[in-house]
file work21.cif (mmCIF, C-alpha atoms)
data_final
loop_
_atom_site.label_atom_id
_atom_site.label_comp_id
_atom_site.auth_asym_id
_atom_site.auth_seq_id
_atom_site.Cartn_x
_atom_site.Cartn_y
_atom_site.Cartn_z
CA MET A 1 65.85 18.92 45.07
CA HIS A 2 64.35 16.92 42.24
CA ILE A 3 60.71 16.02 43.02
CA GLY A 4 58.83 13.39 41.01
CA VAL A 5 55.06 12.92 40.68
CA PRO A 6 54.01 9.62 39.04
CA ARG A 7 50.56 8.84 37.71
CA GLU A 8 48.49 6.86 40.21
CA VAL A 9 47.87 3.25 39.12
CA VAL A 10 45.53 2.02 41.87
CA PRO A 11 42.27 0.94 40.16
CA GLY A 12 39.67 3.70 40.45
CA GLU A 13 42.12 6.28 41.76
CA THR A 14 41.56 9.69 40.16
CA ARG A 15 43.64 11.92 42.43
CA VAL A 16 47.13 13.27 41.83
CA ALA A 17 49.73 14.02 44.49
CA LEU A 18 50.56 17.56 43.29
CA THR A 19 48.39 20.06 41.46
CA PRO A 20 49.82 22.79 39.18
CA ASP A 21 49.42 25.39 41.95
CA GLU A 22 51.64 23.41 44.31
CA VAL A 23 54.08 22.61 41.51
CA ARG A 24 54.44 26.34 40.84
CA ALA A 25 55.07 27.05 44.52
CA LEU A 26 57.72 24.34 44.80
CA ALA A 27 59.35 25.39 41.54
CA ASP A 28 59.50 28.99 42.76
CA GLU A 29 61.31 27.68 45.84
CA GLY A 30 64.03 26.25 43.61
CA HIS A 31 62.93 22.62 43.22
CA LYS A 32 62.79 20.74 39.93
CA VAL A 33 59.44 18.97 39.58
CA THR A 34 58.94 16.14 37.07
CA VAL A 35 55.33 15.08 36.49
CA GLU A 36 54.56 11.89 34.58
CA HIS A 37 52.57 12.44 31.38
CA GLY A 38 48.85 12.21 32.16
CA ALA A 39 49.30 12.17 35.94
CA GLY A 40 46.71 14.88 36.50
CA ASP A 41 44.26 14.09 33.70
CA ARG A 42 41.63 12.46 35.92
CA ALA A 43 41.79 15.35 38.39
CA GLY A 44 41.29 17.95 35.66
CA HIS A 45 44.94 19.01 35.28
CA SER A 46 46.49 18.69 31.83
CA ASP A 47 50.17 18.27 30.99
CA ASP A 48 50.08 21.80 29.55
CA ALA A 49 48.89 23.15 32.91
CA TYR A 50 51.82 21.51 34.67
CA LEU A 51 54.22 22.78 32.03
CA ALA A 52 52.90 26.32 32.51
CA ALA A 53 53.39 25.94 36.26
CA GLY A 54 57.06 25.12 35.82
CA ALA A 55 57.00 21.31 35.84
CA VAL A 56 59.00 19.11 33.51
CA PRO A 57 56.72 16.53 31.85
CA GLY A 58 58.33 13.10 31.76
CA THR A 59 57.96 9.35 31.68
CA ARG A 60 57.17 7.15 34.65
CA ALA A 61 60.86 6.32 34.90
CA ASP A 62 61.66 10.05 35.00
CA ALA A 63 59.22 10.63 37.88
CA PHE A 64 60.45 7.66 39.90
CA GLY A 65 64.04 8.66 39.21
CA ALA A 66 63.68 11.84 41.29
CA ASP A 67 65.25 12.47 44.70
CA ILE A 68 61.81 12.71 46.32
CA VAL A 69 58.77 10.87 44.91
CA LEU A 70 55.35 12.17 45.98
CA GLN A 71 52.34 9.88 45.56
CA VAL A 72 48.82 9.40 46.82
CA HIS A 73 49.48 5.67 47.27
CA LEU A 74 53.07 4.83 48.11
CA ALA A 75 54.74 2.51 45.60
CA GLY A 76 54.90 -1.06 46.85
CA ALA A 77 52.79 -0.48 49.96
CA GLY A 78 49.23 -0.41 51.24
CA GLY A 79 48.01 -3.60 49.59
CA THR A 80 46.39 -1.54 46.82
CA VAL A 81 48.56 -2.52 43.83
CA SER A 82 49.64 -5.94 42.62
CA ALA A 83 53.09 -7.15 43.63
CA ASP A 84 54.16 -7.11 39.98
CA ALA A 85 53.14 -3.47 39.51
CA SER A 86 54.75 -2.50 42.81
CA GLY A 87 57.95 -4.26 41.82
CA GLU A 88 58.06 -2.45 38.50
CA ASP A 89 57.71 0.94 40.16
CA LEU A 90 60.29 0.16 42.83
CA ALA A 91 62.69 -1.01 40.12
CA LEU A 92 62.45 2.51 38.65
CA THR A 93 63.19 4.09 42.03
CA ARG A 94 66.72 4.91 43.14
CA PRO A 95 67.67 3.14 46.41
CA SER A 96 68.60 6.51 47.95
CA ALA A 97 65.26 8.13 47.07
CA VAL A 98 62.68 9.44 49.53
CA LEU A 99 59.07 8.31 49.03
CA VAL A 100 56.14 10.19 50.58
CA GLY A 101 52.48 9.17 50.42
CA LEU A 102 49.84 6.92 51.99
CA ALA A 103 50.80 3.33 52.83
CA ASN A 104 48.24 2.17 55.44
CA PRO A 105 51.06 0.22 57.13
CA LEU A 106 49.20 -0.68 60.32
CA SER A 107 46.66 -2.66 58.29
CA HIS A 108 49.08 -3.80 55.56
CA PRO A 109 52.54 -4.02 57.14
CA GLU A 110 54.00 -6.74 54.91
CA PRO A 111 54.51 -4.57 51.79
CA VAL A 112 56.71 -2.23 53.87
CA ARG A 113 59.38 -4.93 53.71
CA ARG A 114 59.67 -4.31 49.96
CA LEU A 115 60.40 -0.65 50.58
CA ALA A 116 63.07 -1.51 53.12
CA ASP A 117 64.60 -4.15 50.84
CA HIS A 118 64.90 -1.55 48.08
CA GLU A 119 66.69 0.77 50.55
CA VAL A 120 64.40 3.76 50.03
CA THR A 121 63.50 6.15 52.82
CA ALA A 122 59.71 6.02 53.02
CA PHE A 123 57.26 8.23 54.91
CA SER A 124 53.61 7.30 55.40
CA LEU A 125 51.31 10.26 55.97
CA ASP A 126 48.72 7.90 57.49
CA LEU A 127 50.88 8.04 60.62
CA LEU A 128 51.07 11.81 61.01
CA PRO A 129 50.74 12.72 64.71
CA ARG A 130 47.69 14.70 65.72
CA ILE A 131 49.51 17.78 66.92
CA THR A 132 48.84 21.42 66.11
CA ARG A 133 51.87 22.02 63.91
CA ALA A 134 51.01 18.98 61.78
CA GLN A 135 47.50 20.15 60.88
CA ALA A 136 48.59 21.73 57.58
CA MET A 137 49.96 18.32 56.52
CA ASP A 138 47.03 16.20 57.73
CA VAL A 139 45.96 14.32 54.60
CA LEU A 140 43.67 11.98 56.55
CA SER A 141 41.55 14.87 57.80
CA SER A 142 41.40 16.67 54.46
CA GLN A 143 40.51 13.51 52.53
CA SER A 144 38.03 12.42 55.19
CA ALA A 145 36.16 15.70 54.76
CA VAL A 146 35.77 14.91 51.07
CA ALA A 147 34.75 11.34 51.91
CA GLY A 148 31.99 12.44 54.27
CA TYR A 149 30.57 14.83 51.68
CA ARG A 150 30.60 12.13 49.00
CA ALA A 151 28.99 9.57 51.33
CA ALA A 152 26.05 11.90 51.98
CA LEU A 153 25.57 12.62 48.26
CA ILE A 154 25.69 8.93 47.34
CA ALA A 155 23.09 8.20 50.00
CA ALA A 156 20.83 11.01 48.82
CA ASP A 157 21.11 9.84 45.22
CA ARG A 158 20.19 6.24 46.04
CA LEU A 159 17.35 7.02 48.45
CA ASP A 160 13.82 6.71 47.07
CA LYS A 161 12.84 9.97 48.82
CA MET A 162 13.85 13.62 48.73
CA LEU A 163 15.82 14.73 51.77
CA PRO A 164 14.27 18.11 52.68
CA MET A 165 10.78 18.75 53.98
CA THR A 166 8.80 20.01 50.99
CA THR A 167 5.39 21.68 50.93
CA THR A 168 3.40 21.55 47.70
CA ALA A 169 -0.22 21.93 46.63
CA ALA A 170 -0.38 18.14 46.71
CA GLY A 171 0.69 17.97 50.33
CA THR A 172 3.72 18.17 52.61
CA LEU A 173 6.61 15.71 52.45
CA ALA A 174 8.39 14.94 55.71
CA PRO A 175 12.19 15.28 55.76
CA ALA A 176 14.29 12.15 55.40
CA ARG A 177 15.87 10.69 58.52
CA VAL A 178 19.62 10.11 58.46
CA LEU A 179 21.62 8.18 61.04
CA VAL A 180 25.41 8.64 61.03
CA LEU A 181 27.49 6.08 62.91
CA GLY A 182 30.87 7.49 63.90
CA ALA A 183 31.53 11.19 64.40
CA GLY A 184 35.10 11.55 63.20
CA VAL A 185 35.90 13.86 60.30
CA VAL A 186 34.03 11.66 57.81
CA GLY A 187 30.97 11.44 60.02
CA LEU A 188 30.87 15.13 60.86
CA GLN A 189 31.07 16.10 57.19
CA ALA A 190 28.32 13.58 56.39
CA ILE A 191 26.15 15.14 59.11
CA ALA A 192 26.80 18.68 57.88
CA THR A 193 26.12 17.78 54.24
CA SER A 194 22.93 15.86 55.07
CA ARG A 195 21.69 18.80 57.14
CA ARG A 196 22.40 21.21 54.27
CA LEU A 197 20.34 18.93 52.05
CA GLY A 198 17.46 19.25 54.50
CA ALA A 199 17.48 15.92 56.32
CA VAL A 200 16.91 15.35 60.03
CA VAL A 201 20.19 13.87 61.26
CA ARG A 202 20.94 11.76 64.30
CA ALA A 203 24.45 10.55 65.05
CA TYR A 204 26.15 8.10 67.37
CA ASP A 205 29.75 7.74 68.50
CA ILE A 206 31.19 5.77 71.41
CA ARG A 207 33.30 8.78 72.40
CA ALA A 208 31.42 11.04 74.81
CA ALA A 209 33.39 14.06 73.56
CA ALA A 210 31.76 13.66 70.15
CA ARG A 211 28.42 15.01 71.41
CA GLU A 212 29.51 18.64 71.22
CA GLN A 213 30.98 18.12 67.73
CA VAL A 214 27.83 16.44 66.44
CA GLU A 215 25.62 19.20 67.79
CA SER A 216 27.93 21.89 66.37
CA VAL A 217 27.14 20.73 62.80
CA GLY A 218 23.40 20.37 63.36
CA GLY A 219 23.06 16.73 64.36
CA VAL A 220 21.23 15.20 67.33
CA PHE A 221 23.52 13.01 69.43
CA VAL A 222 22.16 9.54 70.20
CA ASP A 223 22.66 8.42 73.80
CA LEU A 224 22.90 4.67 74.35
CA PRO A 225 22.95 2.97 77.76
CA LEU A 226 26.55 1.74 77.41
CA ASP A 227 29.72 2.17 79.45
CA THR A 228 32.01 4.17 77.14
CA SER A 229 34.57 5.28 79.72
CA SER A 230 37.37 3.52 77.84
CA ALA A 231 36.15 4.39 74.35
CA GLU A 232 38.53 7.25 73.57
CA GLY A 233 42.27 6.81 73.33
CA ALA A 234 44.97 9.46 73.41
CA GLY A 235 44.86 11.79 70.44
CA GLY A 236 41.07 11.71 70.12
CA TYR A 237 40.82 8.45 68.20
CA ALA A 238 38.26 5.77 69.04
CA GLN A 239 39.69 2.93 71.10
CA ALA A 240 38.93 -0.69 70.13
CA GLN A 241 36.51 -2.45 72.50
CA GLN A 242 35.80 -6.06 73.39
CA GLU A 243 33.33 -7.98 71.22
CA GLU A 244 30.85 -8.08 74.13
CA PHE A 245 30.66 -4.28 73.97
CA TYR A 246 29.99 -4.29 70.22
CA ALA A 247 27.34 -7.00 70.60
CA ARG A 248 25.46 -4.91 73.19
CA GLN A 249 25.96 -1.82 71.03
CA ARG A 250 24.36 -3.53 68.02
CA GLU A 251 21.46 -4.64 70.20
CA VAL A 252 20.59 -1.14 71.40
CA LEU A 253 21.28 0.49 68.00
CA GLY A 254 18.68 -1.67 66.30
CA ASN A 255 15.76 0.72 66.81
CA GLU A 256 17.78 3.71 65.58
CA VAL A 257 18.79 1.90 62.40
CA ALA A 258 15.24 0.66 61.74
CA ALA A 259 13.85 4.20 62.01
CA ALA A 260 16.36 5.71 59.57
CA ASP A 261 15.90 6.24 55.84
CA ILE A 262 19.68 6.50 55.45
CA VAL A 263 22.47 5.03 57.54
CA ILE A 264 25.98 6.36 56.88
CA ALA A 265 28.50 4.20 58.74
CA THR A 266 31.96 5.73 59.24
CA ALA A 267 33.34 4.11 62.42
CA GLN A 268 36.98 3.06 62.19
CA VAL A 269 39.77 2.25 64.65
CA PRO A 270 43.32 2.93 63.41
CA GLY A 271 45.19 -0.27 62.60
CA ARG A 272 42.20 -2.52 63.33
CA PRO A 273 39.32 -3.90 61.25
CA ALA A 274 36.27 -1.64 61.37
CA PRO A 275 33.73 -2.80 63.98
CA VAL A 276 30.51 -4.35 62.66
CA LEU A 277 27.73 -2.03 63.82
CA VAL A 278 24.93 -2.94 61.39
CA THR A 279 23.97 -6.59 61.15
CA GLU A 280 22.03 -8.34 58.40
CA GLU A 281 18.99 -8.43 60.72
CA MET A 282 19.22 -4.68 61.23
CA VAL A 283 19.30 -4.10 57.48
CA ARG A 284 16.25 -6.31 57.02
CA ALA A 285 14.41 -4.26 59.65
CA MET A 286 14.82 -1.05 57.63
CA ARG A 287 12.10 0.22 55.32
CA PRO A 288 12.41 -1.03 51.71
CA GLY A 289 13.90 1.79 49.66
CA SER A 290 16.24 2.83 52.48
CA VAL A 291 19.99 3.14 52.00
CA VAL A 292 23.14 2.17 53.89
CA VAL A 293 26.45 3.73 52.84
CA ASP A 294 29.35 1.90 54.44
CA ALA A 295 32.17 4.45 54.40
CA ALA A 296 34.39 2.11 56.43
CA ALA A 297 34.47 -0.52 53.68
CA ALA A 298 38.22 -0.13 53.08
CA GLN A 299 38.83 -1.35 56.64
CA GLY A 300 36.40 -4.26 56.41
CA GLY A 301 33.16 -2.33 56.80
CA ASN A 302 30.65 -1.45 59.53
CA CYS A 303 27.83 -3.35 57.84
CA ALA A 304 27.81 -7.15 57.85
CA VAL A 305 26.43 -7.42 54.30
CA SER A 306 28.74 -4.88 52.64
CA VAL A 307 30.71 -5.90 49.56
CA PRO A 308 33.62 -3.53 48.88
CA ASP A 309 33.06 -1.30 45.85
CA ASP A 310 29.69 -2.87 45.14
CA THR A 311 26.02 -2.42 46.01
CA VAL A 312 23.96 -5.17 47.61
CA VAL A 313 20.16 -4.95 47.75
CA LEU A 314 18.75 -6.86 50.72
CA ALA A 315 15.03 -6.84 51.49
CA GLY A 316 14.72 -3.73 49.34
CA VAL A 317 17.49 -1.89 51.21
CA SER A 318 20.45 -0.69 49.15
CA VAL A 319 23.83 -1.25 50.86
CA THR A 320 26.73 0.39 49.05
CA ALA A 321 30.36 0.16 50.17
CA PRO A 322 32.77 2.52 48.36
CA THR A 323 36.42 2.12 49.37
CA ASN A 324 37.76 5.36 47.90
CA LEU A 325 35.24 8.13 48.42
CA PRO A 326 37.67 11.03 47.87
CA ALA A 327 38.27 9.79 44.31
CA GLY A 328 34.70 10.83 43.56
CA ALA A 329 35.69 14.51 43.84
CA PRO A 330 39.24 14.42 42.45
CA ALA A 331 39.64 18.13 41.72
CA HIS A 332 39.12 19.28 45.29
CA ALA A 333 40.51 16.11 46.88
CA SER A 334 43.74 16.54 44.91
CA ARG A 335 43.92 20.23 45.74
CA LEU A 336 43.74 19.48 49.46
CA PHE A 337 46.07 16.48 49.27
CA ALA A 338 48.63 18.45 47.26
CA ARG A 339 48.68 21.26 49.81
CA ASN A 340 49.16 18.74 52.63
CA ILE A 341 51.96 16.78 50.97
CA ALA A 342 53.74 19.93 49.78
CA ASN A 343 53.70 21.26 53.34
CA PHE A 344 55.13 17.97 54.60
CA THR A 345 57.85 18.10 51.94
CA ARG A 346 58.83 21.62 53.00
CA HIS A 347 58.97 20.48 56.61
CA LEU A 348 61.13 17.49 55.68
CA LEU A 349 63.70 19.42 53.65
CA ASP A 350 66.39 21.79 54.79
CA ALA A 351 69.26 23.38 52.88
CA ASP A 352 71.14 20.05 52.78
CA GLY A 353 68.18 17.89 51.74
CA PRO A 354 65.87 15.59 53.74
CA ARG A 355 66.45 15.63 57.48
CA LEU A 356 65.80 12.55 59.61
CA ASP A 357 65.37 14.29 62.95
CA SER A 358 64.28 11.75 65.59
CA ASP A 359 63.41 14.63 67.94
CA ASP A 360 60.78 15.90 65.50
CA ALA A 361 57.51 14.02 66.08
CA ILE A 362 56.27 14.71 62.56
CA ILE A 363 59.31 13.11 60.94
CA ARG A 364 59.81 10.40 63.56
CA ASP A 365 56.21 9.17 63.57
CA THR A 366 55.80 9.00 59.80
CA LEU A 367 59.14 7.37 58.97
CA LEU A 368 58.62 3.77 57.80
CA THR A 369 61.96 2.68 56.37
CA GLY A 370 65.56 3.81 56.25
CA ALA A 371 69.02 2.34 55.71
CA GLY A 372 67.49 -0.83 54.31
CA ARG A 373 65.38 -1.55 57.39
CA VAL A 374 61.83 -1.17 58.63
CA VAL A 375 62.27 1.38 61.41
CA HIS A 376 58.75 2.31 62.55
CA PRO A 377 58.22 0.59 65.94
CA GLN A 378 54.57 -0.39 65.44
CA VAL A 379 55.18 -1.74 61.95
CA ARG A 380 58.21 -3.67 63.21
CA GLU A 381 56.05 -5.20 65.91
CA LEU A 382 53.37 -6.19 63.39
CA LEU A 383 56.07 -7.81 61.24
CA GLY A 384 57.54 -9.68 64.21
CA LEU A 385 60.87 -7.87 64.02
CA GLU A 386 62.96 -7.46 67.15
CA ASP A 387 63.14 -3.98 68.66
CA ALA A 388 66.87 -4.42 69.23
CA GLY A 389 67.44 -4.60 65.51
CA ALA A 390 65.74 -1.24 65.02
CA ALA A 391 67.86 0.33 67.73
CA GLU A 392 71.05 -1.02 66.19
CA ALA A 393 70.03 0.50 62.86
CA GLY A 394 69.74 3.91 64.49
CA ALA A 395 65.97 4.02 64.17
CA PRO A 396 63.98 6.76 65.89
CA PRO A 397 62.76 5.97 69.42
CA ALA A 398 59.47 4.14 69.83
CA VAL A 399 56.32 6.19 69.52
CA ASN A 400 52.66 5.36 69.13
CA ALA A 401 52.14 7.09 65.81
CA VAL A 402 48.36 6.96 65.63
CA THR A 403 47.61 7.94 69.20
CA ALA A 404 50.26 10.59 69.76
CA GLU A 405 49.05 13.19 72.23
CA ARG A 406 47.33 16.23 70.80
CA SER A 407 49.16 19.45 71.65
#

call {"tool": "encode", "arguments": {"input": "work21.cif", "output": "structure tokens"}}
result
Amino acid sequence: MHIGVPREVVPGETRVALTPDEVRALADEGHKVTVEHGAGDRAGHSDDAYLAAGAVPGTRADAFGADIVLQVHLAGAGGTVSADASGEDLALTRPSAVLVGLANPLSHPEPVRRLADHEVTAFSLDLLPRITRAQAMDVLSSQSAVAGYRAALIAADRLDKMLPMTTTAAGTLAPARVLVLGAGVVGLQAIATSRRLGAVVRAYDIRAAAREQVESVGGVFVDLPLDTSSAEGAGGYAQAQQEEFYARQREVLGNEVAAADIVIATAQVPGRPAPVLVTEEMVRAMRPGSVVVDAAAAQGGNCAVSVPDDTVVLAGVSVTAPTNLPAGAPAHASRLFARNIANFTRHLLDADGPRLDSDDAIIRDTLLTGAGRVVHPQVRELLGLEDAGAAEAGAPPAVNAVTAERS
């Protein structure tokens, strides 16, 4: 098969979908790989490195003209690129092509129509089911690990204190206090990194099962007097709650936030705006010089005063809200992403090309469009499309892609 890798055009994006190592592996397996000139520059991979790995350097049109196009951000989807830019890239794409990347379709379903209208077969790795055999393809987990690390470093850099306890002839400095809200992959990596830097770390998550995970990476789990019996959905993801629950949660979290030097907020619910956990009043109650890093900014943010991709200083407290934390470590983020997407590509292909096997949860749950239609049940529902139309088009059976049962 002919595989294309375009340069990413989302503002601030530094990652690349395939690194030279993965290009070499795919080329050795008999695939032709075309990489757009300069696609890997921001991740530390030159055109010469791709050439040495067996890639064919080419133009953007060459990359989008491939049978399979691999991207970090799927062309024409995710709400991350202007409609004009998306249209230009789709115009370069053959209607029969297969596109693989991140589309965030549960938050931005409308752009998926453009992919269907162009008659491409599109797969969104955001929707990968959380099953054992999909772990090697799990881009959300790999990129979240990078995001948590970056969030902790940004917080440490902005804080007006050192993180570890330090004893000097001039006296002893107490360790900084870090509070992590949300103990998914981002939160756990933020806890582990903050602990390695010497901070005392407390963490909160509405899922009771998170306690063991928090403690396993050196954090202290915060117990709040709240009913969290319905907080965890199938697949281990947090389940959205009623606003009354979040209001009570903010009330009892106030003292924890006020006592922290750093708050790293990571709580997200798939397909829903991030819950507001830190109010303006809570920020004002923190010590001047403290820091809030809102790692959920791309989904609306956990902090009420966050401004995406900007820093707000309120009452001496610095609130920063990066929307693309993995882009801050593009070499390793790209290495992990490339391994994930290459593994997915291998799983997708057989001797005759891409296989659309509705009995395979990995393929079924990630498939967005095919035969000129939006076929993913949840995305169809968000777009107000009738289920009967999907069935008539031969779409895969309905499945809850983001809460598929863990095997």

call {"tool": "resolve_selection", "arguments": {"input": "work21.cif", "expression": "the PyMOL selection byres ((chain A and resi 74) around 6)", "output": "ChimeraX atom specification"}}
result
/A:71,73,75,77,101-103

call {"tool": "atom_distance", "arguments": {"input": "work21.cif", "atom1": "atom CA of Ala285 of chain A", "atom2": "atom CA of Ala258 of chain A"}}
result
5.4 Å

call {"tool": "closest_residue", "arguments": {"input": "work21.cif", "among": "A:Val69, A:Val374, A:Val276, A:Val185", "to": "Glu243 of chain A", "atoms": "all atoms listed in the file"}}
result
A:Val276

call {"tool": "atom_distance", "arguments": {"input": "work21.cif", "atom1": "atom CA of Leu125 of chain A", "atom2": "atom CA of Ile68 of chain A"}}
result
14.5 Å

call {"tool": "closest_residue", "arguments": {"input": "work21.cif", "among": "A:Ser96, A:Asn340, A:Thr166, A:Ser290", "to": "Val317 of chain A", "atoms": "all atoms listed in the file"}}
result
A:Ser290

call {"tool": "closest_residue", "arguments": {"input": "work21.cif", "among": "A:Ser216, A:Asn343, A:Ser358, A:Thr320", "to": "Leu159 of chain A", "atoms": "all atoms listed in the file"}}
result
A:Thr320

call {"tool": "closest_residue", "arguments": {"input": "work21.cif", "among": "A:Gly271, A:Gly4, A:Ala97, A:Leu128", "to": "Asp360 of chain A", "atoms": "only C-alpha atoms"}}
result
A:Leu128

call {"tool": "closest_residue", "arguments": {"input": "work21.cif", "among": "A:Ala39, A:Val23, A:Val100, A:Val292", "to": "Leu367 of chain A", "atoms": "all atoms listed in the file"}}
result
A:Val100

call {"tool": "residues_around", "arguments": {"input": "work21.cif", "residues": "Tyr149 of chain A", "least_positions_apart": "2", "cutoff": "7 Å", "atoms": "only C-alpha atoms", "output": "JSON, numbers by chain"}}
result
{"A": [145, 146, 147, 151, 152, 153, 189, 190, 193]}

call {"tool": "residues_around", "arguments": {"input": "work21.cif", "residues": "segment 361-363 of chain A", "least_positions_apart": "4", "cutoff": "9 Å", "atoms": "all atoms listed in the file", "output": "list in words"}}
result
Phe123, Leu127, Leu128, Pro129, Ile131, Arg133, Ala134, Phe344, His347, Leu348, Arg355, Leu356, Asp357, Leu367, Val399, Ala401 and Ala404 of chain A

call {"tool": "resolve_selection", "arguments": {"input": "work21.cif", "expression": "the PyMOL selection byres ((chain A and resi 281) around 12)", "output": "compact mmCIF listing (two decimals) with C-alpha atoms, in the coordinates of the input"}}
result
# COMPACT_ATOMS: atom_id res chain seq x y z
CA ARG A 250 24.36 -3.53 68.02
CA GLU A 251 21.46 -4.64 70.20
CA LEU A 253 21.28 0.49 68.00
CA GLY A 254 18.68 -1.67 66.30
CA ASN A 255 15.76 0.72 66.81
CA VAL A 257 18.79 1.90 62.40
CA ALA A 258 15.24 0.66 61.74
CA LEU A 277 27.73 -2.03 63.82
CA VAL A 278 24.93 -2.94 61.39
CA THR A 279 23.97 -6.59 61.15
CA GLU A 280 22.03 -8.34 58.40
CA MET A 282 19.22 -4.68 61.23
CA VAL A 283 19.30 -4.10 57.48
CA ARG A 284 16.25 -6.31 57.02
CA ALA A 285 14.41 -4.26 59.65
CA MET A 286 14.82 -1.05 57.63
CA CYS A 303 27.83 -3.35 57.84
CA ALA A 304 27.81 -7.15 57.85
CA VAL A 305 26.43 -7.42 54.30
CA LEU A 314 18.75 -6.86 50.72
CA ALA A 315 15.03 -6.84 51.49
CA VAL A 317 17.49 -1.89 51.21

call {"tool": "closest_residue", "arguments": {"input": "work21.cif", "among": "A:Ala49, A:Ala351, A:Met162, A:Ala267", "to": "Glu22 of chain A", "atoms": "only C-alpha atoms"}}
result
A:Ala49

call {"tool": "resolve_selection", "arguments": {"input": "work21.cif", "expression": "the PyMOL selection byres ((chain A and resi 33) around 6)", "output": "PyMOL selection string"}}
result
chain A and resi 2-4+32+34+55

call {"tool": "residues_around", "arguments": {"input": "work21.cif", "residues": "Asp310 of chain A", "least_positions_apart": "3", "cutoff": "8 Å", "atoms": "only C-alpha atoms", "output": "compact mmCIF listing (two decimals) with C-alpha atoms, in the coordinates of the input"}}
result
# COMPACT_ATOMS: atom_id res chain seq x y z
CA SER A 306 28.74 -4.88 52.64
CA VAL A 307 30.71 -5.90 49.56
CA THR A 320 26.73 0.39 49.05
CA ALA A 321 30.36 0.16 50.17
CA PRO A 322 32.77 2.52 48.36

call {"tool": "residues_around", "arguments": {"input": "work21.cif", "residues": "Arg211 of chain A", "least_positions_apart": "4", "cutoff": "10 Å", "atoms": "all atoms listed in the file", "output": "list in words"}}
result
Ala183, Ala203, Tyr204, Asp205, Ile206, Arg207, Glu215, Ser216, Gly219, Val220, Phe221, Val222 and Asp223 of chain A

call {"tool": "atom_distance", "arguments": {"input": "work21.cif", "atom1": "atom CA of Ala260 of chain A", "atom2": "atom CA of Ala155 of chain A"}}
result
12.0 Å

call {"tool": "residues_around", "arguments": {"input": "work21.cif", "residues": "Ala297 of chain A", "least_positions_apart": "4", "cutoff": "6 Å", "atoms": "all atoms listed in the file", "output": "list in words"}}
result
Gly301, Pro308, Ala321 and Thr323 of chain A

call {"tool": "residues_near_point", "arguments": {"input": "work21.cif", "point": "(22.7, 18.7, 57.8)", "cutoff": "12 Å", "atoms": "only C-alpha atoms", "output": "tab-separated table (two decimals) with C-alpha atoms, keeping the file's coordinate frame"}}
result
chain	number	residue	atom	x	y	z
A	148	GLY	CA	31.99	12.44	54.27
A	149	TYR	CA	30.57	14.83	51.68
A	152	ALA	CA	26.05	11.90	51.98
A	153	LEU	CA	25.57	12.62	48.26
A	156	ALA	CA	20.83	11.01	48.82
A	163	LEU	CA	15.82	14.73	51.77
A	164	PRO	CA	14.27	18.11	52.68
A	175	PRO	CA	12.19	15.28	55.76
A	176	ALA	CA	14.29	12.15	55.40
A	177	ARG	CA	15.87	10.69	58.52
A	178	VAL	CA	19.62	10.11	58.46
A	179	LEU	CA	21.62	8.18	61.04
A	180	VAL	CA	25.41	8.64	61.03
A	187	GLY	CA	30.97	11.44	60.02
A	188	LEU	CA	30.87	15.13	60.86
A	189	GLN	CA	31.07	16.10	57.19
A	190	ALA	CA	28.32	13.58	56.39
A	191	ILE	CA	26.15	15.14	59.11
A	192	ALA	CA	26.80	18.68	57.88
A	193	THR	CA	26.12	17.78	54.24
A	194	SER	CA	22.93	15.86	55.07
A	195	ARG	CA	21.69	18.80	57.14
A	196	ARG	CA	22.40	21.21	54.27
A	197	LEU	CA	20.34	18.93	52.05
A	198	GLY	CA	17.46	19.25	54.50
A	199	ALA	CA	17.48	15.92	56.32
A	200	VAL	CA	16.91	15.35	60.03
A	201	VAL	CA	20.19	13.87	61.26
A	202	ARG	CA	20.94	11.76	64.30
A	203	ALA	CA	24.45	10.55	65.05
A	214	VAL	CA	27.83	16.44	66.44
A	215	GLU	CA	25.62	19.20	67.79
A	216	SER	CA	27.93	21.89	66.37
A	217	VAL	CA	27.14	20.73	62.80
A	218	GLY	CA	23.40	20.37	63.36
A	219	GLY	CA	23.06	16.73	64.36
A	220	VAL	CA	21.23	15.20	67.33
